[in-house]
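Next up, run-v3.cif (mmCIF, C-alpha atoms):
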data_my_file
loop_
_atom_site.group_PDB
_atom_site.id
_atom_site.type_symbol
_atom_site.label_atom_id
_atom_site.label_comp_id
_atom_site.auth_asym_id
_atom_site.auth_seq_id
_atom_site.Cartn_x
_atom_site.Cartn_y
_atom_site.Cartn_z
ATOM 1 C CA MET A 1 0.384 22.843 21.375
ATOM 2 C CA GLU A 2 -3.293 21.873 21.646
ATOM 3 C CA ALA A 3 -2.269 18.227 21.542
ATOM 4 C CA ASP A 4 0.062 18.769 24.497
ATOM 5 C CA LEU A 5 -2.600 20.625 26.458
ATOM 6 C CA THR A 6 -5.394 18.116 25.798
ATOM 7 C CA GLY A 7 -3.399 14.883 25.608
ATOM 8 C CA ARG A 8 -4.998 14.093 22.249
ATOM 9 C CA SER A 9 -3.250 13.053 19.077
ATOM 10 C CA VAL A 10 -2.323 15.927 16.779
ATOM 11 C CA TYR A 11 -3.747 13.858 13.912
ATOM 12 C CA ASP A 12 -7.118 13.579 15.657
ATOM 13 C CA ILE A 13 -7.169 17.315 16.214
ATOM 14 C CA MET A 14 -6.275 18.068 12.588
ATOM 15 C CA SER A 15 -8.869 15.575 11.310
ATOM 16 C CA GLU A 16 -11.710 17.389 13.077
ATOM 17 C CA ASN A 17 -11.836 20.250 10.563
ATOM 18 C CA VAL A 18 -11.216 18.282 7.386
ATOM 19 C CA SER A 19 -13.919 18.288 4.728
ATOM 20 C CA ASP A 20 -15.490 14.959 3.770
ATOM 21 C CA ARG A 21 -15.030 15.864 0.084
ATOM 22 C CA PRO A 22 -11.884 15.387 -2.048
ATOM 23 C CA THR A 23 -9.504 18.304 -2.452
ATOM 24 C CA ASN A 24 -8.284 19.711 -5.758
ATOM 25 C CA ILE A 25 -4.733 19.692 -4.428
ATOM 26 C CA LEU A 26 -2.287 17.134 -5.786
ATOM 27 C CA VAL A 27 0.618 16.016 -3.618
ATOM 28 C CA LEU A 28 3.473 13.876 -4.909
ATOM 29 C CA PRO A 29 4.692 12.387 -1.620
ATOM 30 C CA HIS A 30 8.235 11.761 -2.869
ATOM 31 C CA PHE A 31 10.066 13.857 -0.331
ATOM 32 C CA ALA A 32 12.872 11.274 -0.104
ATOM 33 C CA GLY A 33 12.663 9.674 -3.551
ATOM 34 C CA SER A 34 9.981 7.167 -4.498
ATOM 35 C CA GLY A 35 9.426 3.504 -3.812
ATOM 36 C CA THR A 36 7.173 1.237 -5.812
ATOM 37 C CA PRO A 37 6.096 1.366 -8.528
ATOM 38 C CA TYR A 38 8.811 3.810 -9.687
ATOM 39 C CA MET A 39 11.755 2.875 -7.485
ATOM 40 C CA ASN A 40 13.343 6.232 -8.211
ATOM 41 C CA PRO A 41 15.617 7.598 -5.480
ATOM 42 C CA LEU A 42 15.839 10.887 -7.410
ATOM 43 C CA ALA A 43 12.077 11.476 -7.596
ATOM 44 C CA VAL A 44 10.970 14.725 -6.020
ATOM 45 C CA GLY A 45 7.835 15.729 -4.192
ATOM 46 C CA ALA A 46 5.442 18.447 -5.227
ATOM 47 C CA VAL A 47 2.306 20.199 -4.019
ATOM 48 C CA LEU A 48 0.100 21.596 -6.771
ATOM 49 C CA GLY A 49 -3.182 23.465 -6.596
ATOM 50 C CA ILE A 50 -2.869 25.615 -3.483
ATOM 51 C CA ASP A 51 -4.072 29.207 -3.345
ATOM 52 C CA PHE A 52 -4.845 31.852 -0.721
ATOM 53 C CA ASN A 53 -8.013 29.973 0.249
ATOM 54 C CA THR A 54 -6.167 26.723 1.006
ATOM 55 C CA THR A 55 -6.349 25.801 4.686
ATOM 56 C CA LYS A 56 -4.148 23.609 6.864
ATOM 57 C CA SER A 57 -7.000 21.103 6.854
ATOM 58 C CA ASP A 58 -7.006 21.057 3.043
ATOM 59 C CA LEU A 59 -3.272 20.365 2.995
ATOM 60 C CA PHE A 60 -3.621 17.678 5.645
ATOM 61 C CA ARG A 61 -6.266 15.875 3.569
ATOM 62 C CA ALA A 62 -4.273 16.385 0.352
ATOM 63 C CA LEU A 63 -1.207 14.741 1.923
ATOM 64 C CA MET A 64 -3.280 11.665 2.789
ATOM 65 C CA GLU A 65 -4.783 11.676 -0.705
ATOM 66 C CA GLY A 66 -1.323 11.841 -2.315
ATOM 67 C CA VAL A 67 -0.030 8.849 -0.381
ATOM 68 C CA THR A 68 -3.216 6.976 -1.242
ATOM 69 C CA TYR A 69 -2.908 7.742 -4.978
ATOM 70 C CA GLU A 70 0.513 6.135 -4.724
ATOM 71 C CA MET A 71 -1.060 3.094 -3.043
ATOM 72 C CA ARG A 72 -3.652 2.906 -5.835
ATOM 73 C CA GLN A 73 -0.864 2.772 -8.417
ATOM 74 C CA ASN A 74 0.647 -0.197 -6.618
ATOM 75 C CA ILE A 75 -2.717 -1.961 -6.399
ATOM 76 C CA GLU A 76 -3.209 -1.424 -10.145
ATOM 77 C CA CYS A 77 0.225 -2.946 -10.842
ATOM 78 C CA LEU A 78 -0.743 -6.036 -8.846
ATOM 79 C CA GLU A 79 -4.086 -6.298 -10.624
ATOM 80 C CA GLN A 80 -2.394 -5.967 -14.036
ATOM 81 C CA ALA A 81 -0.214 -8.910 -12.986
ATOM 82 C CA GLY A 82 -3.370 -10.960 -12.384
ATOM 83 C CA ILE A 83 -3.685 -10.537 -8.618
ATOM 84 C CA ARG A 84 -7.282 -9.673 -7.799
ATOM 85 C CA ILE A 85 -7.784 -7.481 -4.747
ATOM 86 C CA ASP A 86 -11.284 -6.827 -3.419
ATOM 87 C CA LYS A 87 -10.550 -5.855 0.163
ATOM 88 C CA LEU A 88 -7.597 -4.411 2.046
ATOM 89 C CA ARG A 89 -6.814 -4.805 5.728
ATOM 90 C CA ALA A 90 -5.292 -1.985 7.705
ATOM 91 C CA CYS A 91 -3.431 -2.136 11.005
ATOM 92 C CA GLY A 92 -1.033 -0.046 13.018
ATOM 93 C CA GLY A 93 -0.966 3.735 13.295
ATOM 94 C CA GLY A 94 -2.617 4.536 9.959
ATOM 95 C CA ALA A 95 -5.526 2.262 10.842
ATOM 96 C CA LYS A 96 -6.428 4.549 13.730
ATOM 97 C CA SER A 97 -7.564 7.327 11.387
ATOM 98 C CA ASP A 98 -11.146 6.877 10.226
ATOM 99 C CA LEU A 99 -10.608 9.839 7.910
ATOM 100 C CA TRP A 100 -7.623 8.273 6.138
ATOM 101 C CA LEU A 101 -9.250 4.849 5.936
ATOM 102 C CA GLN A 102 -12.296 6.392 4.240
ATOM 103 C CA ILE A 103 -10.023 8.300 1.853
ATOM 104 C CA LYS A 104 -8.296 5.007 1.019
ATOM 105 C CA ALA A 105 -11.611 3.242 0.398
ATOM 106 C CA ASP A 106 -12.765 6.085 -1.849
ATOM 107 C CA ILE A 107 -9.564 6.519 -3.887
ATOM 108 C CA MET A 108 -8.844 2.802 -4.340
ATOM 109 C CA ASN A 109 -12.519 1.855 -4.689
ATOM 110 C CA LYS A 110 -11.890 -1.031 -2.298
ATOM 111 C CA THR A 111 -13.353 -2.036 1.027
ATOM 112 C CA ILE A 112 -10.902 -1.264 3.817
ATOM 113 C CA VAL A 113 -11.098 -3.365 6.974
ATOM 114 C CA ALA A 114 -9.418 -1.822 10.016
ATOM 115 C CA LEU A 115 -8.123 -4.525 12.311
ATOM 116 C CA ASP A 116 -7.997 -4.220 16.058
ATOM 117 C CA ILE A 117 -4.239 -4.743 16.068
ATOM 118 C CA ASP A 118 -1.516 -2.268 16.955
ATOM 119 C CA GLU A 119 1.460 -4.519 16.276
ATOM 120 C CA ALA A 120 0.843 -6.822 13.300
ATOM 121 C CA GLY A 121 4.405 -8.166 13.355
ATOM 122 C CA ILE A 122 4.080 -9.333 16.934
ATOM 123 C CA LEU A 123 0.681 -10.895 16.263
ATOM 124 C CA GLY A 124 2.111 -12.672 13.224
ATOM 125 C CA THR A 125 4.877 -14.088 15.389
ATOM 126 C CA ILE A 126 2.345 -15.250 17.966
ATOM 127 C CA ILE A 127 0.343 -16.999 15.231
ATOM 128 C CA LEU A 128 3.440 -18.717 13.825
ATOM 129 C CA CYS A 129 4.594 -19.850 17.265
ATOM 130 C CA GLY A 130 1.088 -20.921 18.282
ATOM 131 C CA VAL A 131 0.763 -23.177 15.243
ATOM 132 C CA ALA A 132 4.319 -24.539 15.666
ATOM 133 C CA LEU A 133 3.650 -25.358 19.329
ATOM 134 C CA GLY A 134 0.278 -26.937 18.586
ATOM 135 C CA GLU A 135 -1.781 -24.263 20.355
ATOM 136 C CA PHE A 136 -3.692 -23.806 17.099
ATOM 137 C CA SER A 137 -4.428 -26.561 14.593
ATOM 138 C CA SER A 138 -3.810 -24.243 11.617
ATOM 139 C CA TYR A 139 -2.965 -20.686 10.613
ATOM 140 C CA GLU A 140 -6.612 -20.239 9.668
ATOM 141 C CA GLU A 141 -7.742 -21.187 13.177
ATOM 142 C CA ALA A 142 -5.167 -18.886 14.772
ATOM 143 C CA THR A 143 -6.196 -16.040 12.516
ATOM 144 C CA ARG A 144 -9.887 -16.634 13.175
ATOM 145 C CA ARG A 145 -9.304 -16.578 16.927
ATOM 146 C CA LEU A 146 -6.766 -13.754 17.185
ATOM 147 C CA VAL A 147 -7.390 -11.271 14.362
ATOM 148 C CA LYS A 148 -10.356 -9.036 15.147
ATOM 149 C CA VAL A 149 -12.038 -6.440 12.936
ATOM 150 C CA ASN A 150 -12.443 -2.968 14.386
ATOM 151 C CA LYS A 151 -14.294 -1.112 11.573
ATOM 152 C CA THR A 152 -15.043 -1.503 7.883
ATOM 153 C CA PHE A 153 -14.956 1.332 5.346
ATOM 154 C CA HIS A 154 -16.724 1.121 1.982
ATOM 155 C CA PRO A 155 -16.105 3.365 -1.039
ATOM 156 C CA GLN A 156 -18.497 6.316 -1.215
ATOM 157 C CA ALA A 157 -19.997 6.892 -4.660
ATOM 158 C CA LYS A 158 -20.202 10.657 -4.051
ATOM 159 C CA ASN A 159 -16.387 10.964 -4.208
ATOM 160 C CA ARG A 160 -15.688 8.468 -6.994
ATOM 161 C CA LYS A 161 -15.744 10.773 -10.051
ATOM 162 C CA GLN A 162 -13.540 13.492 -8.545
ATOM 163 C CA TYR A 163 -11.031 10.995 -7.176
ATOM 164 C CA ASP A 164 -10.797 9.217 -10.529
ATOM 165 C CA GLU A 165 -10.198 12.553 -12.272
ATOM 166 C CA ASN A 166 -7.621 13.627 -9.682
ATOM 167 C CA TYR A 167 -5.885 10.261 -9.910
ATOM 168 C CA ALA A 168 -5.493 10.601 -13.693
ATOM 169 C CA LYS A 169 -3.945 14.056 -13.113
ATOM 170 C CA TYR A 170 -1.741 12.633 -10.353
ATOM 171 C CA LYS A 171 -0.210 10.052 -12.701
ATOM 172 C CA ARG A 172 0.549 12.730 -15.308
ATOM 173 C CA LEU A 173 1.965 15.030 -12.619
ATOM 174 C CA TYR A 174 4.612 12.483 -11.579
ATOM 175 C CA GLN A 175 5.887 12.241 -15.150
ATOM 176 C CA ALA A 176 5.881 16.015 -15.692
ATOM 177 C CA VAL A 177 7.537 16.974 -12.393
ATOM 178 C CA ASN A 178 10.289 14.408 -12.652
ATOM 179 C CA GLU A 179 10.950 15.209 -16.306
ATOM 180 C CA VAL A 180 11.375 18.890 -15.466
ATOM 181 C CA MET A 181 13.474 18.205 -12.377
ATOM 182 C CA SER A 182 15.812 15.744 -14.119
ATOM 183 C CA ASN A 183 16.933 18.393 -16.659
ATOM 184 C CA GLU A 184 19.574 21.015 -16.096
ATOM 185 C CA PRO A 185 18.746 23.555 -13.382
ATOM 186 C CA MET A 186 16.426 26.243 -14.718
ATOM 187 C CA GLU A 187 17.717 29.802 -15.031
ATOM 188 C CA ARG A 188 16.183 32.333 -12.699
#

Transcribe the structure of this file into structure tokens.
Amino acid sequence: MEADLTGRSVYDIMSENVSDRPTNILVLPHFAGSGTPYMNPLAVGAVLGIDFNTTKSDLFRALMEGVTYEMRQNIECLEQAGIRIDKLRACGGGAKSDLWLQIKADIMNKTIVALDIDEAGILGTIILCGVALGEFSSYEEATRRLVKVNKTFHPQAKNRKQYDENYAKYKRLYQAVNEVMSNEPMER
């Protein structure tokens, strides 16, 4: 309702009251199965660690953390395959949230560069066409001229230990939840 009254994004409003510290809430964001690295359409979501003191802001941050733990797993899979990743670029809707970009930098321990691009697919098409038509001498030139950095987010050491501990718990939680849920329905 406040978003309607003020014309601001509901995400911006919710971000205002979020702590700058990690939560102790773990969210498995598999509300419609899971994609990589599990590729399990039967995976289920879970929220663990809430109590009577948990606020909407805590849950909001925990949801972003859960999705980012999932991203970290994918990055680790790539790195185990020999693909070194030092920096990630963000664009589109998620790149508009400074809060989420900082959470990503902290959880993945990677620099996150927010690009000043709303529609990466369209820009990619422009770059391809520009090179094909000779407007740019190379993809590198087109990228240099058209892709602009908005902000850069660096991992914060103050959050590192807790996020590493929570991430280890997160990985165990996926296994436990899906093992329990794949068995016969529990008696009540």

### Task
List the residues matched by the PyMOL selection byres ((chain A and resi 178) around 10) in the displayed structure as JSON, numbers by chain, ordered by chain and then by residue number.
{"A": [40, 42, 43, 44, 45, 46, 173, 174, 175, 176, 177, 179, 180, 181, 182, 183]}

## Note on the structure
note - atom CA of Tyr163 of chain A and atom CA of Pro22 of chain A are separated by 6.8 Å

Which centre and edge lengths in Å to one decimal define the box along x, y and z that fits every listed atom of segment 78-95 of chain A plus 6 Å per side, as JSON?
{"center_x": -5.7, "center_y": -3.2, "center_z": -0.4, "size_x": 23.1, "size_y": 27.5, "size_z": 39.3}

### Task
Give as a ChimeraX atom specification each residue that has an atom at most 12 Å from (-5.6, 17.2, -11.7) in the file, counting only C-alpha atoms.
/A:22-28,47-49,66,69,162-174

### Message
Counting all atoms listed in the file, which residue out of A:Glu119, A:Glu2, A:Asp98, A:Asp51 sits closest to Ser15 of chain A?
### Response
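The closest residue to Ser15 of chain A is A:Asp98.
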
#### Entry: Counting all atoms listed in the file, the option among A:Leu99, A:Ile117, A:Ile83, A:Ala3 closest to Asp20 of chain A
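Using all atoms listed in the file, the shortest distance to Asp20 of chain A belongs to A:Leu99.
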
### Message
Counting only C-alpha atoms, which residue out of A:Asp58, A:Ala132, A:Leu146, A:Thr36 sits closest to Cys77 of chain A?
### Response
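The closest residue to Cys77 of chain A is A:Thr36.
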
### Message
Taking all atoms listed in the file into account, name the residue in A:Ala157, A:Ala105, A:Cys91, A:Ala32 that is nearest to Glu65 of chain A.
### Response
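Of A:Ala157, A:Ala105, A:Cys91, A:Ala32, the one nearest Glu65 of chain A, counting all atoms listed in the file, is A:Ala105.
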
### Message
Between A:Asn74, A:Ser34, A:Asn17, A:Asn109, which residue has the minimum interatomic distance to Arg61 of chain A, considering all atoms listed in the file?
### Response
A:Asn17

### Task
Determine the nearest neighbour of Phe31 of chain A from the options A:Glu79, A:Asp12, A:Val67, A:Leu101, counting only C-alpha atoms.
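Closest residue, counting only C-alpha atoms: A:Val67.
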
### Query
Mind telling me what the PyMOL selection byres ((chain A and resi 156) around 10) catches here, as a VMD selection string?
chain A and resid 102 to 103 105 to 107 109 to 110 153 to 155 157 to 160

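Reported to one decimal place, the separation of atom CA of Val10 of chain A from atom CA of Lys104 of chain A is 20.1 Å.
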
### Task
Between atom CA of Gly92 of chain A and atom CA of Lys148 of chain A, measure the distance and give it in Å to one decimal.
13.1 Å

### Task
For Gly124 of chain A, please output as a PyMOL selection string all residues within 10 Å (counting all atoms listed in the file; exclusion window: fewer than 6 positions along the same chain).
chain A and resi 130+139+142-143+146-147

### Query
Contacts of Arg84 of chain A at 10 Å or less, counting all atoms listed in the file, minus same-chain residues fewer than 6 places along, as a count of residues only?
3
